[in-house]
Amino acid sequence: KNEKAITWVLFNDYIQWFNKETSSTINEVIAKDMLTNRFNLMKKDENEGLEFIHKTLRDYFAAVYMKNNNKFSPDEIFKLVHADSTKNNDLVNALRLFVGIIKPEAIKEIIKKFIEKDLYLSCELFAWSSINVFEEEFINKMVEKIDINSREYLLNLNEVVLFYLKVLDLIKKSGRYNEPIFADYLQTLGIAYDDKGDYIQANELY
């Protein structure tokens, strides 16, 4: 009912209650790790600490429900998010966590549905996702559509930054950090930071 931080003890109580009431089986340790990893990613370029709030758990439980319910296909998810003239932000919040607990192949199908009509949400979902391999062809589908001269780009700079942070992390994991592609993405991220007005970060990347 409020946005107060949740202690780990209370977090465990919530998980146990949810498992009992829904006949679900959420592992407390896995849930903590997944949420922590996702929020560490989102806070990577900030100094804020990690806090669990009631809303976060609500969104996570919604994500688990989506995972356990086979009717939530990429088409169905897209229709629900864009059911009317305004985006369903509650579902988007759950969707961010949903892409962290499903398989990468399923995530890619969801992202593909959003690339054409909601590019920057697809970038954000990629950043939150459990995708852990650098697939240049798939990533390029989003990169090619990011227009740094567009109004939409300027309105979604946070999503752009998170997207490129994730891409750089995957390139490092692939062992390609000495190749020109890594430098290219460092420069592109630097441009995004510059556009945000974060000149210190931009200068470091340049």
# chains A, B, ... in the order shown; residues from 1 in each chain; ligands from 1
$ residues_around --residues "range 130-144 of chain A" --least-positions-apart "4" --cutoff "9 Å" --atoms "only C-alpha atoms" --output "PyMOL selection string"
chain A and resi 38+99-105+107-108+112+115+119-120+122-123+126+167-174
$ closest_residue --among "A:Lys166, A:His82, A:Lys113, A:Arg96" --to "Val64 in chain A" --atoms "only C-alpha atoms"
A:Arg96
